[in-house]
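A quick write-up on the structure given underneath.
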Amino acid sequence: MNPFAASQRARDDDPSGPSDDSSQAVWSIVFWAAAWFFFILLSYSIIRPVRETMGAIGGTRQLQGLMLVTFAVMVLVVPIYATLVNRLPRRWLVRVVFHFFCVSLLAFSLALDSGNESVQVWAARTFFVWVNVFGLFSTSVFWSVLADLFSSEQGKRLFGRIAAGGTVGAISGSLLTSQIAIKVSTSTLLLIPIATLQLGLWCAWRLEKRVAKQATESTSDATVESGEEALPTGGLWEGITHVLSSPYLALICMFLFFGQAAGTQLYFQQAEIVAQSVVDDQAKTQVFAYIDFATQILTLTAQLLLSGFILRRLGVSIALLLLPLVYLVSFVALSFHSSLAVVAAAMVAARATGYGITVPAREVLFTVVSREAKYKSKSFIDTVVLRGGDAISGQVFGFLRSTVGLAFTTLNLWTLPIIALWGFLAIRLGRQQCRLADSIADDFDRDAGN
């Protein structure tokens, strides 16, 4: 544990409570963390509608190939990232990752503005894959840093507020993109995230400085800086062995795989319906930005008002069950009326439920497993489960749609029994989490009694 987190844990354990100065220091750190996350999701919300536009251009068949390539790239990139985490100090890891993203955005902007059609086509395809890598690793780096800086007690208290800062950034980015997408070229639009990511890096630097100062003030060891310590990481094979040895982790992976499959099916429908309904590429980007904006508004509402209430009062099972229910209603609605308005509403409802309720519930699932198991299984979950789920379901739905010729109306109806199975898994997983949590509490009480 780093000195800042250790000192704050000591203050939390002190019956007299933290001092005013300590509280001010913590909230200063929370501010810079929330500001950094604000700029990360602001940047992603500008980039994402461009990715959706490029994915919609080629139709279902191109999306199949792009999802398969994304999976392959993730398998290659995750071990490289794990190596960087193990070898680089925290502050240099942040700089290397985000400077790489900025240089990539500049290259994409130049390629899309080159005037060479072949270069533009390949840049668009590469960009689709790159955005998935950016979305995963930009947030992964951020939360890894925060897990390194804050104690568990602080995280429970403060991570929700920090996450809300990111959601505000996502709302701002979606709103900005929706207003300027039809006024500027795509190549120009991609230059904006370069500036916002650099602002985020400045906030990360201020965060590190504030933590270092607080750590120095809170310890008698004058040589301590920010207490950088490595998080446990593992390769893909280590993640597989951890999942295979734990029925509980395997159940989590099954739940997430079903979620990715349902999301891919809805994503394919969105791409086809938008391509049929909107002709101009910049107008497509604007439509996707409006969808993102509505999603983030509902996500923020769910984070602030619903997720905590549902998890505390109704339980983890109900929180996990909500997303399968949303997809069930969405696929039924799309079976009878496949319009732009219906698919947009379904996408907003599914993503807002996923980000606002399912993701917090998913993090609760990991509170009853060891720290080592959580981090070492992450490489497997990020690649085989999440991106592999996209790739496999993309191939299946693409084959049924393009080769067999099944309409999405038929596919949606056939999917309903699978959604019911997914809901059953959600209930079972929530109950198992409760049993494990009770077992841990009993062990703690037993040890305390001894």
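Each chain of the structure tokens is named A, B, ... in the order shown, its residues numbered from 1; ligands are numbered from 1 in display order.
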
Contacts of Leu76 of chain A within 12 Å, only C-alpha atoms, excl. fewer than 2 positions in-chain, as a ChimeraX atom specification: /A:69-74,78-83,133,235-236,379,382-384

What lies within 8 Å of Ile381 of chain A using only C-alpha atoms, ignoring chain neighbours under 5 positions off, as a VMD selection string? chain A and resid 239 253 386

So how many Å separate atom CA of Trp202 of chain A and atom CA of Gly169 of chain A, to one decimal?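 Between atom CA of Trp202 of chain A and atom CA of Gly169 of chain A the gap is 15.7 Å.
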
So which one's closest to Arg362 of chain A, A:Ser393, A:Ser118, A:Gln433, A:Thr410? Using only C-alpha atoms, please.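 That would be A:Gln433, the residue with the smallest distance to Arg362 of chain A.
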
May I ask which of the residues A:Met254, A:Ile427, A:Val50, A:Val348 is the closest one to Asp281 of chain A, counting only C-alpha atoms?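 The answer is A:Val50, which sits nearest to Asp281 of chain A.
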
Do you know which residues are at most 10 Å from Leu176 of chain A counting only C-alpha atoms, after dropping those on the same chain fewer than 3 positions away, and could you put them as a PyMOL selection string? chain A and resi 42+45-46+170-173+179-181+286+289-290+293

Could you write out the selected residues, including N, CA and C atoms, as a short mmCIF file (atom, residue, chain, number, x, y, z; two decimals), in the first residue's frame?
data_model
loop_
_atom_site.label_atom_id
_atom_site.label_comp_id
_atom_site.auth_asym_id
_atom_site.auth_seq_id
_atom_site.Cartn_x
_atom_site.Cartn_y
_atom_site.Cartn_z
N LEU A 42 -14.27 12.45 -22.11
CA LEU A 42 -14.57 13.49 -23.09
C LEU A 42 -13.94 13.12 -24.43
N SER A 45 -15.68 10.07 -26.03
CA SER A 45 -17.02 10.38 -26.55
C SER A 45 -16.96 11.16 -27.86
N ILE A 46 -15.84 11.81 -28.13
CA ILE A 46 -15.65 12.45 -29.44
C ILE A 46 -15.24 11.41 -30.47
N ALA A 170 -18.08 12.47 -20.53
CA ALA A 170 -18.70 11.76 -21.65
C ALA A 170 -19.90 12.52 -22.19
N ILE A 171 -20.68 13.09 -21.30
CA ILE A 171 -21.84 13.89 -21.73
C ILE A 171 -21.36 15.11 -22.52
N SER A 172 -20.34 15.77 -22.01
CA SER A 172 -19.82 16.96 -22.70
C SER A 172 -19.28 16.60 -24.08
N GLY A 173 -18.56 15.48 -24.17
CA GLY A 173 -18.01 15.07 -25.46
C GLY A 173 -19.08 14.71 -26.46
N GLN A 179 -22.96 18.64 -32.02
CA GLN A 179 -23.15 19.98 -32.53
C GLN A 179 -22.18 20.35 -33.66
N ILE A 180 -20.99 19.75 -33.66
CA ILE A 180 -19.98 20.16 -34.65
C ILE A 180 -19.70 19.11 -35.71
N ALA A 181 -20.31 17.91 -35.58
CA ALA A 181 -19.98 16.81 -36.51
C ALA A 181 -20.28 17.16 -37.96
N GLN A 286 -23.29 12.52 -36.36
CA GLN A 286 -24.16 13.33 -35.50
C GLN A 286 -25.20 12.46 -34.81
N ALA A 289 -23.61 10.54 -32.09
CA ALA A 289 -23.27 11.44 -30.97
C ALA A 289 -24.50 11.72 -30.12
N TYR A 290 -25.66 11.90 -30.77
CA TYR A 290 -26.89 12.10 -30.00
C TYR A 290 -27.24 10.86 -29.17
N PHE A 293 -24.97 10.91 -26.26
CA PHE A 293 -25.36 11.95 -25.30
C PHE A 293 -26.52 11.47 -24.43
#

Neighbours of segment 412-420 of chain A within 7 Å (only C-alpha atoms; same-chain residues fewer than 2 positions away dropped), as a PyMOL selection string? chain A and resi 324+328+331-332+335+408-410+422-424

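In terms of minimum interatomic distance to Ser246 of chain A, A:Ser370 ranks closest within A:Ser370, A:Val404, A:Phe108, A:Val26, counting only C-alpha atoms.
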
Got a sec: who's within 12 Å of Ala107 of chain A, counting only C-alpha atoms, leaving out chain neighbours fewer than 2 positions off, as a CSV table (one decimal) with C-alpha atoms, in the first residue's frame?
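What follows is the written file result-v8.csv:
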chain,number,residue,atom,x,y,z
A,100,PHE,CA,0.9,6.8,-28.0
A,101,PHE,CA,-2.8,7.5,-28.3
A,102,CYS,CA,-2.2,11.1,-29.2
A,103,VAL,CA,0.3,10.3,-31.9
A,104,SER,CA,-2.1,7.6,-33.3
A,105,LEU,CA,-4.9,10.2,-33.5
A,109,SER,CA,-6.3,12.5,-39.0
A,110,LEU,CA,-3.5,12.9,-41.7
A,111,ALA,CA,-4.5,9.6,-43.3
A,112,LEU,CA,-8.2,10.5,-43.6
A,113,ASP,CA,-7.2,13.9,-45.0
A,114,SER,CA,-4.8,12.4,-47.5
A,119,VAL,CA,-5.4,5.1,-47.7
A,120,GLN,CA,-8.7,6.5,-46.3
A,123,ALA,CA,-7.3,4.1,-42.1
A,124,ALA,CA,-11.1,3.8,-41.4
A,126,THR,CA,-7.7,0.4,-38.6
A,127,PHE,CA,-9.4,3.2,-36.7
A,130,TRP,CA,-7.8,1.2,-32.6
A,187,SER,CA,-10.0,14.5,-39.9
A,188,THR,CA,-10.4,17.8,-38.1
A,190,LEU,CA,-10.0,13.8,-34.5
A,191,LEU,CA,-7.6,16.6,-33.6
A,194,ILE,CA,-5.4,15.1,-28.9

What lies within 6 Å of Pro193 of chain A using only C-alpha atoms, ignoring chain neighbours under 3 positions off, as a ChimeraX atom specification? /A:43,196-197

Could you check the closest approach to Pro247 of chain A for each of A:Ala333, A:Val369, A:Ile440, A:Leu320 and tell me which residue wins, using only C-alpha atoms? A:Val369

Counting only C-alpha atoms, figure out which residue out of A:Val368, A:Val385, A:Ala195, A:Val343 gets nearest to Glu272 of chain A.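 So, comparing all the options, the nearest one is A:Val343.
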
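Nearest to Gln296 of chain A of all the residues A:Ala25, A:Ala163, A:Cys434, A:Leu146 is A:Ala163, counting only C-alpha atoms.
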
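A straight line drawn from atom CA of His99 of chain A to atom CA of Glu52 of chain A is 23.7 Å long.
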
Interatomic distance, atom CA of Leu63 of chain A to atom CA of Tyr327 of chain A (Å, one decimal):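 Taking atom CA of Leu63 of chain A and atom CA of Tyr327 of chain A, their separation equals 20.7 Å.
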